[in-house]
>>> print(open('run_7.cif').read())   # mmCIF, C-alpha atoms
data_structure
#
loop_
_atom_site.label_atom_id
_atom_site.label_comp_id
_atom_site.auth_asym_id
_atom_site.auth_seq_id
_atom_site.Cartn_x
_atom_site.Cartn_y
_atom_site.Cartn_z
CA MET G 1 -16.33 -20.13 -22.23
CA SER G 2 -13.53 -19.28 -19.77
CA LEU G 3 -10.13 -17.76 -20.40
CA THR G 4 -8.03 -20.91 -20.60
CA TYR G 5 -5.63 -22.51 -23.04
CA VAL G 6 -7.36 -24.39 -25.86
CA PRO G 7 -5.17 -26.85 -27.81
CA GLY G 8 -5.18 -26.28 -31.54
CA ASP G 9 -3.14 -25.77 -34.67
CA ALA G 10 -4.04 -22.15 -35.40
CA TYR G 11 -1.33 -19.69 -36.39
CA ALA G 12 -1.00 -18.25 -32.89
CA HIS G 13 -0.53 -21.73 -31.41
CA ARG G 14 2.61 -22.19 -33.52
CA LEU G 15 4.22 -18.93 -32.42
CA ASP G 16 6.93 -18.67 -29.82
CA PRO G 17 5.41 -17.33 -26.56
CA ARG G 18 8.07 -14.60 -26.45
CA THR G 19 6.84 -13.39 -29.82
CA LYS G 20 3.27 -13.24 -28.55
CA LEU G 21 4.37 -11.33 -25.45
CA ALA G 22 6.22 -8.87 -27.71
CA VAL G 23 3.08 -8.36 -29.80
CA GLN G 24 1.00 -7.73 -26.67
CA ALA G 25 3.49 -5.20 -25.31
CA ALA G 26 3.77 -3.43 -28.67
CA PHE G 27 -0.02 -3.32 -29.00
CA ALA G 28 -0.32 -1.78 -25.53
CA VAL G 29 2.27 0.87 -26.45
CA ALA G 30 0.36 1.78 -29.61
CA ALA G 31 -2.98 1.78 -27.76
CA VAL G 32 -1.67 4.18 -25.11
CA ALA G 33 -0.07 6.45 -27.72
CA HIS G 34 -3.03 6.64 -30.10
CA THR G 35 -6.27 7.32 -28.25
CA THR G 36 -8.19 9.05 -31.04
CA PRO G 37 -11.12 7.36 -32.80
CA TRP G 38 -9.01 6.98 -35.94
CA GLY G 39 -6.12 5.42 -34.01
CA LEU G 40 -8.36 2.96 -32.19
CA ALA G 41 -10.09 2.07 -35.44
CA VAL G 42 -6.71 1.14 -36.93
CA LEU G 43 -5.82 -0.91 -33.83
CA THR G 44 -9.11 -2.77 -34.06
CA LEU G 45 -7.85 -4.65 -37.13
CA PRO G 46 -4.83 -6.32 -35.46
CA ALA G 47 -6.92 -7.00 -32.33
CA LEU G 48 -9.54 -8.87 -34.35
CA GLY G 49 -6.76 -10.56 -36.30
CA ALA G 50 -5.19 -11.80 -33.07
CA VAL G 51 -8.44 -13.44 -32.00
CA ARG G 52 -8.81 -15.15 -35.37
CA ALA G 53 -5.14 -16.18 -35.37
CA ALA G 54 -5.75 -17.95 -32.05
CA GLY G 55 -8.69 -19.87 -33.52
CA GLY G 56 -11.27 -18.05 -31.40
CA SER G 57 -14.17 -15.72 -32.01
CA VAL G 58 -14.77 -12.17 -30.86
CA ALA G 59 -18.17 -13.01 -29.38
CA ARG G 60 -16.83 -15.86 -27.24
CA THR G 61 -13.86 -13.83 -26.08
CA LEU G 62 -16.08 -10.94 -25.01
CA TRP G 63 -18.39 -13.42 -23.28
CA ALA G 64 -15.41 -14.63 -21.27
CA TYR G 65 -14.98 -11.01 -20.12
CA ARG G 66 -18.70 -10.59 -19.44
CA ALA G 67 -18.03 -9.39 -15.89
CA ALA G 68 -16.07 -6.37 -17.16
CA VAL G 69 -17.77 -5.53 -20.47
CA PRO G 70 -20.99 -4.06 -18.92
CA PHE G 71 -18.92 -1.53 -16.94
CA LEU G 72 -17.01 -0.48 -20.06
CA VAL G 73 -20.28 0.00 -21.93
CA ALA G 74 -22.03 1.78 -19.07
CA ALA G 75 -19.20 4.23 -18.32
CA PRO G 76 -19.83 6.61 -21.28
CA LEU G 77 -23.60 6.43 -20.71
CA VAL G 78 -23.21 7.44 -17.07
CA GLU G 79 -20.64 10.13 -17.87
CA GLY G 80 -22.77 11.66 -20.62
CA PHE G 81 -25.98 11.67 -18.61
CA THR G 82 -27.02 14.99 -17.13
CA TRP G 83 -30.09 16.14 -15.24
CA GLY G 84 -32.49 18.28 -17.21
CA GLY G 85 -31.81 20.06 -20.46
CA ALA G 86 -30.44 17.75 -23.15
CA TRP G 87 -30.19 14.84 -20.63
CA PHE G 88 -27.21 13.47 -22.52
CA VAL G 89 -24.03 15.32 -23.58
CA PRO G 90 -22.07 13.36 -26.25
CA ALA G 91 -18.92 15.39 -25.64
CA ASP G 92 -18.77 14.22 -22.01
CA ALA G 93 -19.22 10.59 -23.05
CA LEU G 94 -16.49 10.64 -25.70
CA SER G 95 -13.49 10.23 -23.40
CA PRO G 96 -14.80 7.22 -21.40
CA ALA G 97 -16.11 5.67 -24.63
CA LEU G 98 -12.63 5.81 -26.17
CA ALA G 99 -11.09 4.45 -22.96
CA GLY G 100 -13.59 1.57 -22.95
CA TRP G 101 -12.87 0.88 -26.63
CA ARG G 102 -9.14 0.75 -25.90
CA ALA G 103 -9.69 -1.57 -22.94
CA LEU G 104 -11.79 -3.94 -25.05
CA LEU G 105 -9.05 -4.15 -27.67
CA LEU G 106 -6.46 -4.96 -25.01
CA LEU G 107 -8.76 -7.62 -23.57
CA LEU G 108 -9.17 -9.21 -27.01
CA VAL G 109 -5.42 -9.40 -27.56
CA GLY G 110 -4.89 -10.80 -24.06
CA GLY G 111 -7.62 -13.38 -24.58
CA ALA G 112 -5.96 -14.51 -27.82
CA TYR G 113 -2.68 -15.01 -25.95
CA VAL G 114 -4.28 -17.06 -23.17
CA ARG G 115 -6.21 -19.22 -25.64
CA SER G 116 -3.13 -20.06 -27.72
CA THR G 117 -0.37 -20.38 -25.10
CA PRO G 118 0.13 -23.29 -22.67
CA ILE G 119 0.87 -22.24 -19.12
CA ARG G 120 4.27 -23.96 -19.09
CA GLU G 121 5.33 -22.01 -22.19
CA SER G 122 4.24 -18.75 -20.57
CA ARG G 123 6.31 -19.59 -17.52
CA ALA G 124 9.32 -20.44 -19.68
CA ALA G 125 8.99 -17.15 -21.56
CA ILE G 126 8.78 -15.14 -18.34
CA GLN G 127 11.81 -16.87 -16.87
CA TRP G 128 13.70 -16.17 -20.09
CA LEU G 129 12.68 -12.51 -19.92
CA LEU G 130 13.51 -12.18 -16.21
CA PRO G 131 16.55 -14.32 -15.48
CA GLY G 132 17.46 -15.37 -11.98
CA ARG G 133 15.32 -15.82 -8.90
CA VAL G 134 12.96 -12.99 -9.88
CA GLY G 135 12.01 -14.75 -13.10
CA VAL G 136 11.49 -18.06 -11.31
CA VAL G 137 9.18 -16.48 -8.73
CA CYS G 138 7.23 -14.49 -11.36
CA GLY G 139 6.96 -17.53 -13.64
CA ALA G 140 5.66 -19.74 -10.86
CA GLY G 141 3.23 -17.05 -9.77
CA ILE G 142 1.83 -16.61 -13.26
CA GLY G 143 1.47 -20.38 -13.59
CA PHE G 144 -0.47 -20.63 -10.33
CA LEU G 145 -2.66 -17.66 -11.23
CA MET G 146 -3.60 -18.95 -14.67
CA ARG G 147 -4.44 -22.38 -13.27
CA PHE G 148 -6.25 -21.09 -10.19
CA LEU G 149 -8.54 -18.43 -11.66
CA PRO G 150 -10.64 -20.75 -13.88
CA VAL G 151 -11.18 -23.04 -10.88
CA LEU G 152 -12.31 -20.14 -8.71
CA ARG G 153 -14.68 -18.93 -11.42
CA ARG G 154 -16.25 -22.37 -11.61
CA ASP G 155 -16.59 -22.41 -7.83
CA LEU G 156 -18.40 -19.05 -7.86
CA ALA G 157 -20.69 -20.25 -10.65
CA THR G 158 -21.50 -23.35 -8.59
CA ILE G 159 -22.24 -21.23 -5.52
CA ARG G 160 -24.59 -18.98 -7.49
CA SER G 161 -26.40 -21.98 -9.00
CA SER G 162 -26.86 -23.51 -5.56
CA MET G 163 -28.22 -20.23 -4.22
CA HIS G 164 -30.76 -19.96 -7.02
CA ALA G 165 -31.85 -23.55 -6.40
CA ARG G 166 -32.49 -22.61 -2.76
CA LEU G 167 -34.54 -19.54 -3.71
CA ALA G 168 -31.82 -17.13 -2.66
CA ALA G 169 -33.27 -14.59 -5.11
CA GLU G 170 -35.94 -13.88 -2.50
CA ARG G 171 -33.30 -12.67 -0.06
CA SER G 172 -32.10 -9.09 0.08
CA LEU G 173 -29.17 -7.96 -2.05
CA LEU G 174 -26.89 -7.61 0.99
CA ASP G 175 -27.68 -11.15 2.12
CA ARG G 176 -26.86 -12.52 -1.34
CA ILE G 177 -23.58 -10.60 -1.47
CA ARG G 178 -22.67 -11.86 2.01
CA LEU G 179 -23.47 -15.47 1.12
CA VAL G 180 -21.49 -15.39 -2.13
CA GLY G 181 -18.57 -13.58 -0.50
CA VAL G 182 -18.29 -15.75 2.60
CA THR G 183 -18.80 -19.03 0.74
CA GLY G 184 -16.44 -17.92 -2.02
CA LEU G 185 -13.69 -17.06 0.48
CA ARG G 186 -14.09 -20.43 2.14
CA ARG G 187 -13.65 -22.12 -1.23
CA VAL G 188 -10.58 -19.98 -1.95
CA PHE G 189 -8.86 -20.92 1.32
CA ARG G 190 -9.80 -24.57 0.86
CA ARG G 191 -8.39 -24.54 -2.67
CA ALA G 192 -5.23 -22.81 -1.46
CA ASP G 193 -4.72 -25.46 1.23
CA GLY G 194 -5.22 -28.16 -1.38
CA VAL G 195 -2.70 -26.57 -3.74
CA SER G 196 -0.16 -26.23 -0.92
CA LEU G 197 -0.57 -29.90 0.02
CA ALA G 198 -0.31 -30.98 -3.62
CA LEU G 199 2.90 -28.97 -4.10
CA ARG G 200 4.50 -30.55 -1.05
CA ALA G 201 3.39 -34.03 -2.12
CA ARG G 202 4.91 -33.51 -5.57
CA CYS G 203 8.15 -32.01 -4.22
CA PHE G 204 7.62 -28.66 -5.89
CA ALA G 205 10.85 -27.44 -7.51
CA TRP G 206 11.82 -23.87 -8.25
CA ASN G 207 13.76 -25.02 -11.30
CA PRO G 208 11.47 -27.41 -13.20
CA THR G 209 12.21 -28.73 -16.67
CA LEU G 210 10.37 -26.24 -18.88
CA PRO G 211 9.72 -26.58 -22.62
CA ARG G 212 12.48 -25.39 -24.90
CA LEU G 213 11.59 -22.15 -26.66
CA SER G 214 12.60 -21.61 -30.27
CA ALA G 215 11.42 -18.98 -32.72
CA GLY G 216 10.98 -19.90 -36.37
CA ARG G 217 9.93 -18.47 -39.70
CA GLN G 218 6.32 -18.34 -38.57
CA ASP G 219 7.33 -15.74 -35.96
CA VAL G 220 8.66 -13.27 -38.54
CA PRO G 221 5.27 -11.71 -39.49
CA ALA G 222 4.26 -11.38 -35.84
CA LEU G 223 7.59 -9.78 -34.90
CA ALA G 224 7.26 -7.42 -37.85
CA LEU G 225 3.82 -6.45 -36.57
CA ALA G 226 5.24 -5.82 -33.10
CA ILE G 227 8.00 -3.59 -34.51
CA ALA G 228 5.48 -1.70 -36.64
CA LEU G 229 3.19 -1.12 -33.65
CA VAL G 230 6.04 0.18 -31.50
CA ALA G 231 7.26 2.45 -34.30
CA TRP G 232 3.73 3.77 -34.86
CA GLY G 233 3.29 4.31 -31.12
CA MET G 234 6.47 6.41 -31.00
CA VAL G 235 5.42 8.64 -33.89
#
>>> encode(input="run_7.cif", output="structure tokens")
Amino acid sequence: MSLTYVPGDAYAHRLDPRTKLAVQAAFAVAAVAHTTPWGLAVLTLPALGAVRAAGGSVARTLWAYRAAVPFLVAAPLVEGFTWGGAWFVPADALSPALAGWRALLLLLVGGAYVRSTPIRESRAAIQWLLPGRVGVVCGAGIGFLMRFLPVLRRDLATIRSSMHARLAAERSLLDRIRLVGVTGLRRVFRRADGVSLALRARCFAWNPTLPRLSAGRQDVPALALAIALVAWGMV
């Protein structure tokens, strides 16, 4: 599973994208303000609720972040390890463990947003939040990024599969890194040239017709949650 929009009729799909951005920002404020085990335990509930509200599952969302999760898990183990004596000091591992926990919660909330929000709605919300040329540039950039990353991930997966089929596992680690890096960069530049050509062929406009945004009754609980998270973060 990759981090892309999945059409559906879950609760998060029916929310205004501005509401979902407000919830993400409020959650980040609360996560930065409350870094204790008790605070993160409380924040775990809305994070899990966001994933379910988007019609996803925690396991699949974490699998989409599989490149980052091992580092978050390994950080407290490495920090707590010590040579000789007790070999592992729990007090030293506590801080990175809490930081990794907080990062995982933020990733879950972000994954719920991506799964439930079309790219055009995200662009419309950003341009509403940042009026003028700045909003147009940021909105277009976010749109390109969210469309481009899944393609690049598939390209890298294809490169790795091709390498395994050609017994690249027998090569040294440096050779494998070089092959993946060089081939991946070639794909990136080729994709970028293709995107540039496609934009020119379609007469790319800085002021496209974006979907109309409108908040409704379904946004009230989510906005209330955002306000509560900000208030709790300021306490």
>>> atom_distance(input="run_7.cif", atom1="atom CA of Gly184 of chain G", atom2="atom CA of His164 of chain G")
15.3 Å
>>> resolve_selection(input="run_7.cif", expression="the PyMOL selection byres ((chain G and resi 99-110) around 8)", output="ChimeraX atom specification")
/G:24,27-28,31,35,40,43-44,47-48,50-51,58,61-62,65,69,72-73,75,95-98,111-114
>>> write_last_selection(input="run_7.cif", atoms="C-alpha atoms", output="PDB file, in the coordinates of the input")
ATOM      1  CA  GLN G  24       1.000  -7.730 -26.670  1.00  0.00           C
ATOM      2  CA  PHE G  27      -0.020  -3.320 -29.000  1.00  0.00           C
ATOM      3  CA  ALA G  28      -0.320  -1.780 -25.530  1.00  0.00           C
ATOM      4  CA  ALA G  31      -2.980   1.780 -27.760  1.00  0.00           C
ATOM      5  CA  THR G  35      -6.270   7.320 -28.250  1.00  0.00           C
ATOM      6  CA  LEU G  40      -8.360   2.960 -32.190  1.00  0.00           C
ATOM      7  CA  LEU G  43      -5.820  -0.910 -33.830  1.00  0.00           C
ATOM      8  CA  THR G  44      -9.110  -2.770 -34.060  1.00  0.00           C
ATOM      9  CA  ALA G  47      -6.920  -7.000 -32.330  1.00  0.00           C
ATOM     10  CA  LEU G  48      -9.540  -8.870 -34.350  1.00  0.00           C
ATOM     11  CA  ALA G  50      -5.190 -11.800 -33.070  1.00  0.00           C
ATOM     12  CA  VAL G  51      -8.440 -13.440 -32.000  1.00  0.00           C
ATOM     13  CA  VAL G  58     -14.770 -12.170 -30.860  1.00  0.00           C
ATOM     14  CA  THR G  61     -13.860 -13.830 -26.080  1.00  0.00           C
ATOM     15  CA  LEU G  62     -16.080 -10.940 -25.010  1.00  0.00           C
ATOM     16  CA  TYR G  65     -14.980 -11.010 -20.120  1.00  0.00           C
ATOM     17  CA  VAL G  69     -17.770  -5.530 -20.470  1.00  0.00           C
ATOM     18  CA  LEU G  72     -17.010  -0.480 -20.060  1.00  0.00           C
ATOM     19  CA  VAL G  73     -20.280   0.000 -21.930  1.00  0.00           C
ATOM     20  CA  ALA G  75     -19.200   4.230 -18.320  1.00  0.00           C
ATOM     21  CA  SER G  95     -13.490  10.230 -23.400  1.00  0.00           C
ATOM     22  CA  PRO G  96     -14.800   7.220 -21.400  1.00  0.00           C
ATOM     23  CA  ALA G  97     -16.110   5.670 -24.630  1.00  0.00           C
ATOM     24  CA  LEU G  98     -12.630   5.810 -26.170  1.00  0.00           C
ATOM     25  CA  GLY G 111      -7.620 -13.380 -24.580  1.00  0.00           C
ATOM     26  CA  ALA G 112      -5.960 -14.510 -27.820  1.00  0.00           C
ATOM     27  CA  TYR G 113      -2.680 -15.010 -25.950  1.00  0.00           C
ATOM     28  CA  VAL G 114      -4.280 -17.060 -23.170  1.00  0.00           C
TER      29      VAL G 114
END
>>> residues_around(input="run_7.cif", residues="Gly139 of chain G", least_positions_apart="5", cutoff="8 Å", atoms="only C-alpha atoms", output="list in words")
Ser122, Arg123, Ala124, Ile126 and Gln127 of chain G
>>> residues_around(input="run_7.cif", residues="segment 5-15 of chain G", least_positions_apart="4", cutoff="9 Å", atoms="only C-alpha atoms", output="list of chain:residue names")
G:Thr19, G:Lys20, G:Ala50, G:Val51, G:Arg52, G:Ala53, G:Ala54, G:Gly55, G:Ala112, G:Tyr113, G:Val114, G:Arg115, G:Ser116, G:Thr117, G:Pro118, G:Ile119, G:Ala215, G:Gly216, G:Gln218, G:Asp219, G:Ala222
>>> residues_around(input="run_7.cif", residues="Ala228 of chain G", least_positions_apart="5", cutoff="12 Å", atoms="only C-alpha atoms", output="list of chain:residue names")
G:Ala22, G:Val23, G:Ala26, G:Phe27, G:Val29, G:Ala30, G:Leu43, G:Pro46, G:Pro221, G:Ala222, G:Leu223, G:Gly233, G:Met234, G:Val235
